[in-house]
Structures are given as structure tokens and as C-alpha cells.
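Some notes on the structure that comes next.
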Amino acid sequence: MKSIGAGAFRNCRSLQRVAIPNSVTNIGDGAFSLCQSLQSVNIPDSVTDIGDMAFYWCSAMETVRIPKSVKTIGGGVFAECDIELEVSSKHFTADEYCLFDAKKQTLLSCCRKQVKNYTVPEGVTSIRDRAFYKCGRLQNITLPQSLQTIGEGAFFKCSSIRDITLPQQTAIIGDDAFSNCSSLKGIRLPQSVMSIGKNAFSGCEELQSATIPDSVTAIEKGTFFGCTALLSIAIPNSVTSIGDTAFFKCSSLANITIPHSVTSIGKDAFTQCTALQSITIPDSVKEIGDRAFSECPTLQSIFIPLGSREKFEELLPYDKEKLV
């Protein structure tokens, strides 16, 4: 046997010990995820690759040895674990809380789910996918000025984080990066941010305001889905599209102005924005998806440019009476 496949022992909740034979070179994505009774696993010197989330939520493990042979390790490999790492591989290093590549440029995974305060070391340029996945006790995270990329689901469901400041070099925020950070009230996005992924802030129920930098060209699908406390949002002139469900159920949002750069508004983009009273749409908009403003009971006025009524009656056939 040369490989343990993706999800091979996933959710084997009674599994307590595993002896991996010396013939194995690869441990697949999520191979032992959700093995909550797994107390020990011996990773042999033959293993070179360990996949994403391979030991996710193996909450009974206390110590894991990374042998010399290991060359690649996926993101979130020890998410929701509370373990001490013994790193023998020259390709990796670790501190008390996290696993990194040898140069400490990439943070691969938090290994201590009980962590409350953490400072990511200066020099780290990338936080990998799901690195702090469901670190529900994490209250304060300090990010280094060197940080450029935040991976998919990097801080997913870190439900105790209240405030976060992104450094001036951060360019990419991945899909679901801060999704379900239910205590997050404020986030500062620098002008360096070029891309904000799908559902990046979805389910951030306490988020009250956000300013999107003018380096961003699209508000992706579900970016602010379910941000029920969001009172205001400033959309810059750089944005050309607002994705499906982008502001779905932003039930505190009262007014919004769509800039002249926007050409498309996705389906259900503002559905269930129950406090929305007015919205201004420019002539640049050529496409509006189904139910874009459905279930908005307080929406009284959709302001459109002079002479464009016929066009918007076609784009918004169910909201003709609200066009102003």
C-alpha cells in the first residue's frame, strides 16, 4: 500500500490508534478527519505528502511527529486539534501554536484550538486555506505587515474575533475567509486588496460597516450574505459587478447607491434587505438578476436616471411602481 486515500478513515469515531506501514508515501485530504477518539498515529519515514485537513478534528491526539521524509503538507491539516508537534522535516517548522514552512513564509495550520490570542510572525506572506478553521476561542489575531494572501476559510467560524486589521500589503482574501465570524464587528480593508472571495464575510452577524477599497472590481457571490447588522456599505467606482446573494439578508441596510461603474447585479443580490428604503441604480447597469430586490417590504424608491424608465421596467418587471 502506497497511499491512504482522501477521506479513507473519515468520521471513524471509535478509531483510537493507527499504525501506518512503511510503504505509504501519501496521506490524502481528510484521511483521518473527524476521528475524535484517535489518540496516536505513527507517521513513518516513508511519507512525503500529507493532504489538506488530513487530521482535522482529531481532538484526542496530544502529540504528532512530522518525519524527515515529509515534503508537502496541506492547509488546515491539524484544524480543531490541540496537539504538540515534533518536527523533524527540514521543510517545516512550528511554534507553540502553529505549523509553518521552513522559511516561515506560509502559515499552514493552527494546532492549538484553545488559543485565545496569537500574533502571526513577521515575514509570513500567506495564511493557507482553513489554517484557523473553527478556532472558536480565538479573540485577538495580529497579522504581520508582510501578509499578502489569506486563504479560503482561513478564519472560518472564528466566532470570538471581534475586530481585525488587514496589513497594507494584503492583496487576496479567499472564499469564506471570515465566514461565520459571528462576533466580528469591524474590519479594515487596505487599498492593497485586489480580490475578495465568495462568501468572504457571510454570516458575520455583528458586522456593522465595511468600506470596500477602490482596487476591488467585483463583489462576489454571497460576500456579505447574512450580515444582519450591516448598516452601511460604500461601493467604490472600481466595482463592475455585484454577485448573486451578495447582500442577501442584510436586514439593517437602509440605503445604498450603486456606482456608475457597475454593469450587472446578480440574482437575489439584495433579497430580504428588510430595512432597505431606497436604492440608486445608474444607467451603466445592463443586467439585473431575478429577485434582486425581492422581500424588501420597506423599499419605496428605486432611483434611476432620467429617460431610462423603459429600460429599467424590462430589467425590474416586478418593481415598476417603485421606479423614480
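Lettering and numbering for the C-alpha cells are positional, with chains as A, B, ... in the shown order, residues counted from 1 in each chain, and ligands counted from 1 in the shown order.
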Residues of segment 11-92 of chain A that have any atom at most 7 Å from an atom of segment 109-113 of chain A: could you tabulate them with the shortest-distance atom pair and the distance in Å to one decimal, using only C-alpha atoms, ordered by chain and increasing number, as JSON lines?
{"residue": "A:Gly75", "atom": "CA", "partner": "A:Ser109", "partner_atom": "CA", "distance": 6.0}
{"residue": "A:Gly76", "atom": "CA", "partner": "A:Ser109", "partner_atom": "CA", "distance": 4.6}
{"residue": "A:Val77", "atom": "CA", "partner": "A:Ser109", "partner_atom": "CA", "distance": 6.1}
{"residue": "A:Phe78", "atom": "CA", "partner": "A:Cys111", "partner_atom": "CA", "distance": 5.4}
{"residue": "A:Ala79", "atom": "CA", "partner": "A:Cys110", "partner_atom": "CA", "distance": 6.2}
{"residue": "A:Glu80", "atom": "CA", "partner": "A:Lys113", "partner_atom": "CA", "distance": 5.1}
{"residue": "A:Cys81", "atom": "CA", "partner": "A:Cys111", "partner_atom": "CA", "distance": 5.6}
{"residue": "A:Asp82", "atom": "CA", "partner": "A:Arg112", "partner_atom": "CA", "distance": 4.2}
{"residue": "A:Ile83", "atom": "CA", "partner": "A:Cys111", "partner_atom": "CA", "distance": 5.8}
Saved selection, atoms kept: C-alpha atoms, as a PDB file, in the first residue's frame:
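Done, and the output landed in selection.pdb:
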ATOM      1  CA  GLY A  75      -3.724  23.627   4.708  1.00  0.00           C
ATOM      2  CA  GLY A  76      -5.637  23.150   7.964  1.00  0.00           C
ATOM      3  CA  VAL A  77      -4.010  19.759   8.466  1.00  0.00           C
ATOM      4  CA  PHE A  78      -4.470  19.953  12.256  1.00  0.00           C
ATOM      5  CA  ALA A  79      -7.530  22.215  12.412  1.00  0.00           C
ATOM      6  CA  GLU A  80      -9.600  21.759  15.588  1.00  0.00           C
ATOM      7  CA  CYS A  81      -6.798  19.801  17.226  1.00  0.00           C
ATOM      8  CA  ASP A  82      -4.875  20.569  20.415  1.00  0.00           C
ATOM      9  CA  ILE A  83      -1.520  18.919  19.840  1.00  0.00           C
TER      10      ILE A  83
END
Can you tell me, as JSON, numbers by chain, what residues are no more than 6 Å from segment 297-310 of chain A when counting only C-alpha atoms, ignoring any on the same chain fewer than 5 positions away?
{"A": [274, 275, 276, 277, 278, 279, 280, 281, 322, 323, 324]}
Could you pull out the strand (DSSP E) residues of segment 36-182 of chain A from DSSP and send them as a ChimeraX atom specification?
/A:40-42,49-50,63-66,72-73,84-87,92-94,98-101,106-110,117-119,126-127,140-142,149-150,163-165,172-173
Between A:Lys103, A:Lys185, A:Lys71, A:Arg65, single out the one closest to Leu85 of chain A, counting only C-alpha atoms.
A:Arg65
Near-Gln169 of chain A list (8 Å; only C-alpha atoms; drop same-chain fewer than 3 positions) as a PyMOL selection string:
chain A and resi 145-148+190+192-193
Of A:Arg13, A:His260, A:Lys221, A:Arg188, the one nearest to Asn237 of chain A when counting only C-alpha atoms is A:His260
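Closest to Ile173 of chain A among A:Val216, A:Ala269, A:Met61, A:Cys135 is A:Val216, based on only C-alpha atoms.
Near Asp319 of chain A, within a cut-off of 9 Å and counting only C-alpha atoms, sit the residues Phe293, Ser294, Ile302 and Glu313 of chain A, with same-chain residues fewer than 6 positions away left out.
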Export of prior selection with all heavy atoms as a compact mmCIF listing (two decimals), in the first residue's frame:
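Done, and the output landed in selection_4.txt:
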# COMPACT_ATOMS: atom_id res chain seq x y z
N PHE A 293 -34.31 42.38 -5.71
CA PHE A 293 -34.80 43.20 -4.61
C PHE A 293 -36.07 42.60 -4.00
O PHE A 293 -36.91 43.32 -3.46
CB PHE A 293 -35.07 44.63 -5.09
CG PHE A 293 -33.88 45.28 -5.73
CD1 PHE A 293 -33.77 45.38 -7.10
CD2 PHE A 293 -32.83 45.76 -4.96
CE1 PHE A 293 -32.67 45.96 -7.70
CE2 PHE A 293 -31.72 46.34 -5.53
CZ PHE A 293 -31.63 46.45 -6.92
N SER A 294 -36.19 41.29 -4.06
CA SER A 294 -37.40 40.66 -3.53
C SER A 294 -37.38 40.63 -2.00
O SER A 294 -36.32 40.67 -1.37
CB SER A 294 -37.53 39.22 -4.06
OG SER A 294 -36.51 38.39 -3.54
N ILE A 302 -36.77 53.25 -6.10
CA ILE A 302 -35.59 52.83 -6.85
C ILE A 302 -35.28 53.97 -7.80
O ILE A 302 -35.99 54.20 -8.78
CB ILE A 302 -35.84 51.52 -7.61
CG1 ILE A 302 -36.20 50.38 -6.64
CG2 ILE A 302 -34.60 51.13 -8.44
CD1 ILE A 302 -36.58 49.07 -7.32
N GLU A 313 -37.84 49.16 -16.60
CA GLU A 313 -39.09 48.39 -16.48
C GLU A 313 -38.89 46.97 -17.01
O GLU A 313 -39.53 46.03 -16.53
CB GLU A 313 -40.21 49.11 -17.24
CG GLU A 313 -40.78 50.30 -16.48
CD GLU A 313 -41.94 50.96 -17.21
OE1 GLU A 313 -42.19 50.60 -18.39
OE2 GLU A 313 -42.61 51.81 -16.60
Which polymer residues have any atom within 8 Å of an atom of Gly30 of chain A, counting only C-alpha atoms, with same-chain residues fewer than 4 positions away left out, as a ChimeraX atom specification?
/A:6-8,10,51-56
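Non-sequential neighbours of Ser40 of chain A (distance at most 9 Å, separation of 4 or more positions within a chain, only C-alpha atoms) are Gln16, Arg17, Val18, Ala19, Ala60, Met61, Glu62, Thr63 and Val64 of chain A.
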Requested write-out: all heavy atoms of the selected residues, as an mmCIF file, in the first residue's frame:
data_model
loop_
_atom_site.group_PDB
_atom_site.id
_atom_site.type_symbol
_atom_site.label_atom_id
_atom_site.label_comp_id
_atom_site.auth_asym_id
_atom_site.auth_seq_id
_atom_site.Cartn_x
_atom_site.Cartn_y
_atom_site.Cartn_z
ATOM 1 N N GLN A 16 -8.926 4.454 17.654
ATOM 2 C CA GLN A 16 -8.059 5.017 18.690
ATOM 3 C C GLN A 16 -6.584 5.051 18.302
ATOM 4 O O GLN A 16 -5.867 5.978 18.680
ATOM 5 C CB GLN A 16 -8.218 4.227 19.988
ATOM 6 C CG GLN A 16 -9.606 4.341 20.600
ATOM 7 C CD GLN A 16 -9.715 3.618 21.928
ATOM 8 O OE1 GLN A 16 -8.779 2.979 22.396
ATOM 9 N NE2 GLN A 16 -10.875 3.714 22.553
ATOM 10 N N ARG A 17 -6.131 4.069 17.561
ATOM 11 C CA ARG A 17 -4.723 4.003 17.175
ATOM 12 C C ARG A 17 -4.579 3.557 15.727
ATOM 13 O O ARG A 17 -5.360 2.740 15.257
ATOM 14 C CB ARG A 17 -3.943 3.061 18.100
ATOM 15 C CG ARG A 17 -3.775 3.613 19.507
ATOM 16 C CD ARG A 17 -3.080 2.617 20.428
ATOM 17 N NE ARG A 17 -2.855 3.217 21.738
ATOM 18 C CZ ARG A 17 -3.781 3.329 22.676
ATOM 19 N NH1 ARG A 17 -5.010 2.889 22.443
ATOM 20 N NH2 ARG A 17 -3.498 3.887 23.842
ATOM 21 N N VAL A 18 -3.554 4.116 15.072
ATOM 22 C CA VAL A 18 -3.283 3.758 13.676
ATOM 23 C C VAL A 18 -1.791 3.510 13.512
ATOM 24 O O VAL A 18 -0.962 4.327 13.955
ATOM 25 C CB VAL A 18 -3.718 4.886 12.711
ATOM 26 C CG1 VAL A 18 -3.263 4.567 11.289
ATOM 27 C CG2 VAL A 18 -5.231 5.055 12.739
ATOM 28 N N ALA A 19 -1.453 2.386 12.906
ATOM 29 C CA ALA A 19 -0.071 2.086 12.536
ATOM 30 C C ALA A 19 0.014 2.125 11.015
ATOM 31 O O ALA A 19 -0.537 1.257 10.334
ATOM 32 C CB ALA A 19 0.345 0.723 13.073
ATOM 33 N N ALA A 60 -8.507 13.990 20.228
ATOM 34 C CA ALA A 60 -7.909 13.214 21.323
ATOM 35 C C ALA A 60 -6.388 13.102 21.189
ATOM 36 O O ALA A 60 -5.715 12.698 22.139
ATOM 37 C CB ALA A 60 -8.528 11.818 21.378
ATOM 38 N N MET A 61 -5.841 13.453 20.062
ATOM 39 C CA MET A 61 -4.398 13.367 19.868
ATOM 40 C C MET A 61 -3.683 14.447 20.662
ATOM 41 O O MET A 61 -4.156 15.587 20.731
ATOM 42 C CB MET A 61 -4.038 13.484 18.382
ATOM 43 C CG MET A 61 -4.357 12.253 17.569
ATOM 44 S SD MET A 61 -3.433 12.191 15.998
ATOM 45 C CE MET A 61 -3.850 13.753 15.259
ATOM 46 N N GLU A 62 -2.533 14.091 21.216
ATOM 47 C CA GLU A 62 -1.757 15.040 22.009
ATOM 48 C C GLU A 62 -0.422 15.394 21.350
ATOM 49 O O GLU A 62 0.062 16.514 21.510
ATOM 50 C CB GLU A 62 -1.506 14.482 23.417
ATOM 51 C CG GLU A 62 -2.794 14.309 24.222
ATOM 52 C CD GLU A 62 -2.533 13.788 25.620
ATOM 53 O OE1 GLU A 62 -1.350 13.498 25.935
ATOM 54 O OE2 GLU A 62 -3.491 13.674 26.398
ATOM 55 N N THR A 63 0.166 14.452 20.629
ATOM 56 C CA THR A 63 1.472 14.661 20.003
ATOM 57 C C THR A 63 1.487 14.048 18.614
ATOM 58 O O THR A 63 0.940 12.949 18.406
ATOM 59 C CB THR A 63 2.605 14.026 20.845
ATOM 60 O OG1 THR A 63 2.556 14.550 22.168
ATOM 61 C CG2 THR A 63 3.967 14.325 20.230
ATOM 62 N N VAL A 64 2.099 14.755 17.673
ATOM 63 C CA VAL A 64 2.293 14.220 16.315
ATOM 64 C C VAL A 64 3.727 14.514 15.871
ATOM 65 O O VAL A 64 4.220 15.638 16.051
ATOM 66 C CB VAL A 64 1.305 14.842 15.301
ATOM 67 C CG1 VAL A 64 1.658 14.406 13.877
ATOM 68 C CG2 VAL A 64 -0.123 14.436 15.627
#
May I have the residues within 10 Å of Asn26 of chain A as a PyMOL selection string, using only C-alpha atoms and disregarding those fewer than 2 positions away in the same chain?
chain A and resi 1-6+23-24+28-29+46-51+70+72
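For the pair atom CA of Ser33 of chain A and atom CA of Ser59 of chain A, the interatomic distance is 9.9 Å.
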In segment 114-315 of chain A, DSSP alpha helix (DSSP H) residues written as a PyMOL selection string:
chain A and resi 309-315
